[in-house]
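> Have a look at the structure that comes next, please.
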Amino acid sequence: MLLLIICSPSGAGKSTLTRHLLATFEGLAFSVSHTSRPRRGQEEDGVQYHFTDRAAFETKIARGELLEWAEVHGNLYGTAVDEVERARAAGKVGVVFDVDHQGARQIRAKAPDAVSVFVLPPSMEELRRRLETRAEDTPEVIARRFAAATREIDHYSAFDYLLVNDDLENAKRAVEGIVRAELNRRHRNAGFAESLLQSTLRAPRA
Ligand code: ADP
Ligand code: 5GP
């Protein structure tokens, strides 16, 4: 199972790139996080997030139901422990986690072979522009997220891949390339190589 972590400062484009991956690779599932953040415009419960209140979220933490969780921009976010099993049961070959750097660290600690991608904006000015043109947050929330961007970027060195999301089409190709390469890692296809060898051994000699 490919565990793919995508992380970036808010507004750099990780949701856009994640949507592209899910549209491109049928075998990928999106890990739907739980959050205490209020729902934005077009968001649907159970699709982008499972929306919950803070008290219910804290109960989940206390019961050990979360693989990882963190407080981000004043709200709680977390991934349920059964998210990977849910994807496996649905016949998926990979799961995409859209989490902050704290969540990425916790997932890597539990699953060291997880693959992590950090998405950078081409400039801080462009990051601000994207946060503003997305027009889904209040000016206070935008200011808070922009102020947090440098602290998030500061964690880039813990990630396997660093991707600059300047031209969107290029960035889509790049993230797609990462997934294609990772799905072809030796350990993922070793079983197939072994089955070929076995079939050769069993084949009657000419
Ligand atoms: P994040 O999930 O990292 O917070 P989003 O994917 O929501 O960011 O992107 C923030 C805004 O920037 C959205 O309005 C999105 O359409 C836009 N955007 C994303 N990538 C690019 C890009 N390469 N060029 C221009 N705009 C982009
Ligand atoms: P947003 O409110 O813009 O959807 O997300 C804000 C931040 O929370 C983003 O950095 C996003 O990656 C992070 N986030 C979303 N879900 C989770 C999660 O389950 N765990 C953690 N640790 N962070 C999350």
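Letters A, B, ... mark the chains of the structure tokens in the order given; residue numbers begin at 1 per chain; ligand numbers begin at 1, in order shown.
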Using only C-alpha atoms and all ligand atoms, find each residue with an atom at most 7 Å away from ligand 1 and format the answer as an MDAnalysis selection string.
chainID A and resid 8:17 130:131 133:134 165:168 171
> Please save N, CA, C and O atoms of the selected residues as a short mmCIF file (atom, residue, chain, number, x, y, z; two decimals), in the first residue's frame.

data_model
loop_
_atom_site.label_atom_id
_atom_site.label_comp_id
_atom_site.auth_asym_id
_atom_site.auth_seq_id
_atom_site.Cartn_x
_atom_site.Cartn_y
_atom_site.Cartn_z
N SER A 8 1.75 21.27 2.64
CA SER A 8 2.19 22.57 2.12
C SER A 8 1.64 23.64 3.02
O SER A 8 0.71 23.40 3.77
N PRO A 9 2.18 24.86 2.90
CA PRO A 9 1.49 25.95 3.60
C PRO A 9 0.13 26.13 2.94
O PRO A 9 -0.03 25.83 1.75
N SER A 10 -0.84 26.58 3.70
CA SER A 10 -2.19 26.77 3.19
C SER A 10 -2.15 27.69 1.97
O SER A 10 -1.50 28.73 1.98
N GLY A 11 -2.80 27.27 0.89
CA GLY A 11 -2.88 28.10 -0.31
C GLY A 11 -1.86 27.75 -1.38
O GLY A 11 -1.93 28.26 -2.50
N ALA A 12 -0.90 26.88 -1.08
CA ALA A 12 0.15 26.56 -2.07
C ALA A 12 -0.37 25.63 -3.16
O ALA A 12 0.23 25.53 -4.23
N GLY A 13 -1.48 24.95 -2.90
CA GLY A 13 -2.09 24.14 -3.96
C GLY A 13 -2.17 22.65 -3.70
O GLY A 13 -2.43 21.88 -4.62
N LYS A 14 -2.04 22.21 -2.43
CA LYS A 14 -2.03 20.75 -2.22
C LYS A 14 -3.41 20.13 -2.49
O LYS A 14 -3.47 19.02 -3.00
N SER A 15 -4.49 20.84 -2.18
CA SER A 15 -5.82 20.25 -2.46
C SER A 15 -6.02 20.12 -3.97
O SER A 15 -6.54 19.11 -4.44
N THR A 16 -5.58 21.13 -4.72
CA THR A 16 -5.72 21.08 -6.19
C THR A 16 -4.93 19.90 -6.74
O THR A 16 -5.44 19.14 -7.57
N LEU A 17 -3.71 19.71 -6.26
CA LEU A 17 -2.87 18.61 -6.75
C LEU A 17 -3.41 17.26 -6.29
O LEU A 17 -3.37 16.27 -7.03
N ARG A 130 -3.02 33.62 -3.84
CA ARG A 130 -3.85 32.41 -3.94
C ARG A 130 -4.80 32.29 -2.76
O ARG A 130 -5.95 31.90 -2.91
N LEU A 131 -4.30 32.64 -1.58
CA LEU A 131 -5.18 32.58 -0.40
C LEU A 131 -6.34 33.56 -0.57
O LEU A 131 -7.48 33.25 -0.21
N THR A 133 -7.51 34.87 -3.55
CA THR A 133 -8.43 34.59 -4.68
C THR A 133 -9.26 33.34 -4.42
O THR A 133 -10.31 33.18 -5.02
N ARG A 134 -8.81 32.46 -3.54
CA ARG A 134 -9.64 31.29 -3.22
C ARG A 134 -10.94 31.77 -2.59
O ARG A 134 -11.99 31.14 -2.75
N ASN A 165 4.97 24.59 -6.94
CA ASN A 165 3.73 24.69 -7.72
C ASN A 165 3.65 26.08 -8.34
O ASN A 165 2.96 26.97 -7.83
N ASP A 166 4.38 26.24 -9.47
CA ASP A 166 4.34 27.52 -10.19
C ASP A 166 3.29 27.36 -11.29
O ASP A 166 2.12 27.70 -11.09
N ASP A 167 3.71 26.76 -12.41
CA ASP A 167 2.73 26.48 -13.47
C ASP A 167 1.95 25.22 -13.06
O ASP A 167 2.55 24.17 -12.79
N LEU A 168 0.63 25.33 -13.02
CA LEU A 168 -0.17 24.23 -12.48
C LEU A 168 -0.02 22.94 -13.29
O LEU A 168 0.07 21.85 -12.71
N ALA A 171 3.15 21.25 -12.38
CA ALA A 171 3.09 20.69 -11.02
C ALA A 171 2.26 19.41 -11.02
O ALA A 171 2.60 18.43 -10.34
#
> List as a VMD selection string the protein and nucleic acid residues lying within 9 Å of ligand 2, with only C-alpha atoms and all ligand atoms counted.
chain A and resid 6 to 11 14 to 15 31 to 35 37 to 40 48 to 49 66 to 73 75 to 80 97 to 106 145 152
> Export C-alpha atoms of the chosen residues as a PDB file, in the first residue's frame?

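The resulting file, out-v9.pdb, is shown below:
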ATOM      1  CA  ILE A   6       0.988  15.789   0.753  1.00  0.00           C
ATOM      2  CA  CYS A   7       1.819  18.834   2.781  1.00  0.00           C
ATOM      3  CA  SER A   8       2.191  22.567   2.116  1.00  0.00           C
ATOM      4  CA  PRO A   9       1.494  25.946   3.602  1.00  0.00           C
ATOM      5  CA  SER A  10      -2.188  26.772   3.190  1.00  0.00           C
ATOM      6  CA  GLY A  11      -2.884  28.096  -0.314  1.00  0.00           C
ATOM      7  CA  LYS A  14      -2.032  20.752  -2.220  1.00  0.00           C
ATOM      8  CA  SER A  15      -5.816  20.249  -2.463  1.00  0.00           C
ATOM      9  CA  SER A  31      -7.937   9.856   3.513  1.00  0.00           C
ATOM     10  CA  VAL A  32     -10.926  11.852   4.774  1.00  0.00           C
ATOM     11  CA  SER A  33      -9.798  13.586   7.953  1.00  0.00           C
ATOM     12  CA  HIS A  34     -11.865  14.631  10.938  1.00  0.00           C
ATOM     13  CA  THR A  35     -11.838  18.321  11.786  1.00  0.00           C
ATOM     14  CA  ARG A  37     -13.034  23.547  11.548  1.00  0.00           C
ATOM     15  CA  PRO A  38     -16.318  24.978  10.238  1.00  0.00           C
ATOM     16  CA  ARG A  39     -17.384  23.835   6.788  1.00  0.00           C
ATOM     17  CA  ARG A  40     -16.424  26.094   3.836  1.00  0.00           C
ATOM     18  CA  GLN A  48     -13.430  16.695   2.051  1.00  0.00           C
ATOM     19  CA  TYR A  49     -13.680  16.146   5.823  1.00  0.00           C
ATOM     20  CA  LEU A  66      -6.787   8.620  15.589  1.00  0.00           C
ATOM     21  CA  LEU A  67      -3.642   7.582  13.725  1.00  0.00           C
ATOM     22  CA  GLU A  68      -2.424  11.163  14.078  1.00  0.00           C
ATOM     23  CA  TRP A  69      -3.901  14.504  15.001  1.00  0.00           C
ATOM     24  CA  ALA A  70      -2.801  18.126  15.425  1.00  0.00           C
ATOM     25  CA  GLU A  71      -4.059  21.604  16.121  1.00  0.00           C
ATOM     26  CA  VAL A  72      -3.645  23.681  12.950  1.00  0.00           C
ATOM     27  CA  HIS A  73      -4.649  27.351  12.572  1.00  0.00           C
ATOM     28  CA  ASN A  75      -8.703  23.947  14.759  1.00  0.00           C
ATOM     29  CA  LEU A  76      -8.239  20.242  15.417  1.00  0.00           C
ATOM     30  CA  TYR A  77      -7.541  17.896  12.494  1.00  0.00           C
ATOM     31  CA  GLY A  78      -6.912  14.163  12.572  1.00  0.00           C
ATOM     32  CA  THR A  79      -6.808  10.901  10.615  1.00  0.00           C
ATOM     33  CA  ALA A  80      -8.796   7.878  11.821  1.00  0.00           C
ATOM     34  CA  PHE A  97      -3.061  12.066   3.241  1.00  0.00           C
ATOM     35  CA  ASP A  98      -3.488  15.853   3.130  1.00  0.00           C
ATOM     36  CA  VAL A  99      -2.032  16.737   6.531  1.00  0.00           C
ATOM     37  CA  ASP A 100       0.163  19.419   8.092  1.00  0.00           C
ATOM     38  CA  HIS A 101       3.820  18.832   9.040  1.00  0.00           C
ATOM     39  CA  GLN A 102       2.886  17.553  12.520  1.00  0.00           C
ATOM     40  CA  GLY A 103       0.569  14.946  11.015  1.00  0.00           C
ATOM     41  CA  ALA A 104       3.228  14.013   8.443  1.00  0.00           C
ATOM     42  CA  ARG A 105       5.746  13.418  11.239  1.00  0.00           C
ATOM     43  CA  GLN A 106       3.322  11.191  13.165  1.00  0.00           C
ATOM     44  CA  ARG A 145      -2.725  31.202   7.518  1.00  0.00           C
ATOM     45  CA  GLU A 152       5.233  25.330   7.817  1.00  0.00           C
TER      46      GLU A 152
END
> Using 12 Å as the limit and counting only C-alpha atoms, can you tabulate each residue of range 67-121 of chain A that touches range 180-192 of chain A, with its shortest atom-to-atom distance in Å and the two atoms involved, as CSV?

residue,atom,partner,partner_atom,distance
A:Lys92,CA,A:Leu183,CA,12.0
A:Val93,CA,A:Leu183,CA,8.4
A:Gly94,CA,A:Leu183,CA,8.6
A:Val95,CA,A:Leu183,CA,11.7
A:Asp113,CA,A:Glu182,CA,10.7
A:Ala114,CA,A:Glu182,CA,10.2
A:Val115,CA,A:Glu182,CA,8.1
A:Ser116,CA,A:Glu182,CA,10.8
A:Val117,CA,A:Glu182,CA,11.8
> Would you return as a VMD selection string the members of range 29-160 of chain A that DSSP assigns to alpha helix (DSSP H) on this structure's backbone?
chain A and resid 54 to 62 83 to 89 101 to 110 124 to 134 139 to 153
> Rounded to one decimal in Å, what is the spacing between CA of Ser36 in chain A and CA of Ile61 in chain A?
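Between CA of Ser36 in chain A and CA of Ile61 in chain A the gap is 12.6 Å.
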> So which bits of range 33-169 of chain A end up strand (DSSP E or B) when you DSSP the backbone, as number ranges by chain?
A: 33-35, 45, 49-51, 66-72, 75-80, 94-98, 115-120, 161-164
> What would the file look like if the residues just selected were written as a compact mmCIF listing (two decimals), in the first residue's frame with N, CA, C and O atoms?

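Wrote out37.txt, looks like this:
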# COMPACT_ATOMS: atom_id res chain seq x y z
N SER A 33 -10.13 13.26 6.56
CA SER A 33 -9.80 13.59 7.95
C SER A 33 -11.02 14.04 8.74
O SER A 33 -12.03 14.43 8.16
N HIS A 34 -10.86 14.03 10.05
CA HIS A 34 -11.86 14.63 10.94
C HIS A 34 -11.37 16.03 11.29
O HIS A 34 -10.16 16.23 11.45
N THR A 35 -12.27 16.98 11.38
CA THR A 35 -11.84 18.32 11.79
C THR A 35 -12.91 19.05 12.58
O THR A 35 -14.12 18.82 12.36
N ASP A 45 -19.93 17.14 4.13
CA ASP A 45 -19.51 16.26 5.22
C ASP A 45 -19.24 14.86 4.67
O ASP A 45 -20.03 14.33 3.89
N TYR A 49 -13.94 16.41 4.40
CA TYR A 49 -13.68 16.15 5.82
C TYR A 49 -14.91 15.50 6.45
O TYR A 49 -16.01 15.60 5.92
N HIS A 50 -14.67 14.89 7.62
CA HIS A 50 -15.78 14.58 8.52
C HIS A 50 -15.80 15.76 9.49
O HIS A 50 -14.84 15.95 10.24
N PHE A 51 -16.85 16.57 9.42
CA PHE A 51 -16.91 17.75 10.29
C PHE A 51 -17.49 17.36 11.64
O PHE A 51 -18.48 16.62 11.72
N LEU A 66 -7.48 7.86 16.64
CA LEU A 66 -6.79 8.62 15.59
C LEU A 66 -5.35 8.14 15.38
O LEU A 66 -4.61 7.92 16.34
N LEU A 67 -5.00 7.98 14.11
CA LEU A 67 -3.64 7.58 13.73
C LEU A 67 -2.68 8.74 14.02
O LEU A 67 -1.53 8.54 14.41
N GLU A 68 -3.18 9.94 13.80
CA GLU A 68 -2.42 11.16 14.08
C GLU A 68 -3.44 12.28 14.24
O GLU A 68 -4.56 12.19 13.71
N TRP A 69 -3.05 13.32 14.93
CA TRP A 69 -3.90 14.50 15.00
C TRP A 69 -3.04 15.71 15.38
O TRP A 69 -1.93 15.55 15.91
N ALA A 70 -3.54 16.90 15.09
CA ALA A 70 -2.80 18.13 15.43
C ALA A 70 -3.76 19.31 15.46
O ALA A 70 -4.85 19.25 14.88
N GLU A 71 -3.32 20.34 16.16
CA GLU A 71 -4.06 21.60 16.12
C GLU A 71 -3.39 22.46 15.05
O GLU A 71 -2.19 22.69 15.08
N VAL A 72 -4.18 22.88 14.06
CA VAL A 72 -3.64 23.68 12.95
C VAL A 72 -4.53 24.91 12.78
O VAL A 72 -5.75 24.78 12.66
N ASN A 75 -7.72 25.03 14.81
CA ASN A 75 -8.70 23.95 14.76
C ASN A 75 -8.01 22.60 14.88
O ASN A 75 -6.83 22.48 14.58
N LEU A 76 -8.80 21.59 15.31
CA LEU A 76 -8.24 20.24 15.42
C LEU A 76 -8.48 19.47 14.12
O LEU A 76 -9.56 19.57 13.52
N TYR A 77 -7.46 18.72 13.70
CA TYR A 77 -7.54 17.90 12.49
C TYR A 77 -6.93 16.55 12.84
O TYR A 77 -5.92 16.49 13.53
N GLY A 78 -7.51 15.47 12.31
CA GLY A 78 -6.91 14.16 12.57
C GLY A 78 -7.37 13.09 11.60
O GLY A 78 -8.42 13.21 10.95
N THR A 79 -6.54 12.03 11.51
CA THR A 79 -6.81 10.90 10.62
C THR A 79 -7.22 9.70 11.44
O THR A 79 -6.52 9.33 12.39
N ALA A 80 -8.33 9.07 11.08
CA ALA A 80 -8.80 7.88 11.82
C ALA A 80 -7.85 6.71 11.58
O ALA A 80 -7.31 6.56 10.48
N GLY A 94 -3.28 2.66 -2.89
CA GLY A 94 -2.62 3.74 -2.16
C GLY A 94 -3.62 4.68 -1.50
O GLY A 94 -4.80 4.69 -1.84
N VAL A 95 -3.12 5.42 -0.51
CA VAL A 95 -3.95 6.41 0.19
C VAL A 95 -3.20 7.74 0.21
O VAL A 95 -1.99 7.77 0.46
N VAL A 96 -3.92 8.83 -0.07
CA VAL A 96 -3.32 10.16 -0.03
C VAL A 96 -3.76 10.86 1.25
O VAL A 96 -4.96 10.97 1.53
N PHE A 97 -2.78 11.33 2.00
CA PHE A 97 -3.06 12.07 3.24
C PHE A 97 -2.73 13.54 3.03
O PHE A 97 -1.58 13.86 2.71
N ASP A 98 -3.71 14.41 3.19
CA ASP A 98 -3.49 15.85 3.13
C ASP A 98 -3.43 16.30 4.59
O ASP A 98 -4.46 16.46 5.24
N VAL A 115 5.53 7.88 1.76
CA VAL A 115 6.23 8.79 0.85
C VAL A 115 5.66 10.19 1.07
O VAL A 115 4.44 10.37 1.09
N SER A 116 6.55 11.16 1.25
CA SER A 116 6.04 12.49 1.57
C SER A 116 6.46 13.55 0.56
O SER A 116 7.59 13.57 0.09
N VAL A 117 5.51 14.41 0.22
CA VAL A 117 5.72 15.46 -0.78
C VAL A 117 5.39 16.79 -0.13
O VAL A 117 4.33 16.94 0.47
N PHE A 118 6.31 17.75 -0.26
CA PHE A 118 6.04 19.09 0.26
C PHE A 118 5.87 20.02 -0.93
O PHE A 118 6.72 20.07 -1.81
N VAL A 119 4.76 20.76 -0.95
CA VAL A 119 4.46 21.66 -2.06
C VAL A 119 4.77 23.10 -1.66
O VAL A 119 4.29 23.58 -0.63
N LEU A 120 5.60 23.75 -2.48
CA LEU A 120 6.00 25.14 -2.21
C LEU A 120 5.30 26.09 -3.18
O LEU A 120 5.11 25.73 -4.36
N TYR A 161 10.10 14.59 -1.24
CA TYR A 161 10.04 15.37 -2.48
C TYR A 161 9.64 16.80 -2.17
O TYR A 161 8.80 17.04 -1.29
N LEU A 162 10.26 17.73 -2.92
CA LEU A 162 9.92 19.16 -2.80
C LEU A 162 9.46 19.61 -4.17
O LEU A 162 10.23 19.54 -5.13
N LEU A 163 8.23 20.09 -4.24
CA LEU A 163 7.66 20.42 -5.55
C LEU A 163 7.22 21.88 -5.54
O LEU A 163 6.46 22.30 -4.67
N VAL A 164 7.72 22.66 -6.51
CA VAL A 164 7.31 24.07 -6.60
C VAL A 164 6.08 24.15 -7.50
O VAL A 164 6.15 23.79 -8.67
> Please identify all polymer residues within 12 Å of Ala89 in chain A, counting only C-alpha atoms, omitting same-chain residues fewer than 6 positions from it, and present them as a ChimeraX atom specification.
/A:1,27,29,82-83,95
> Counting only C-alpha atoms, which residue out of A:Glu126, A:Ser199, A:Glu44, A:Val84 sits closest to Ala111 in chain A?
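Between A:Glu126, A:Ser199, A:Glu44, A:Val84, the residue approaching Ala111 in chain A most closely is A:Val84.
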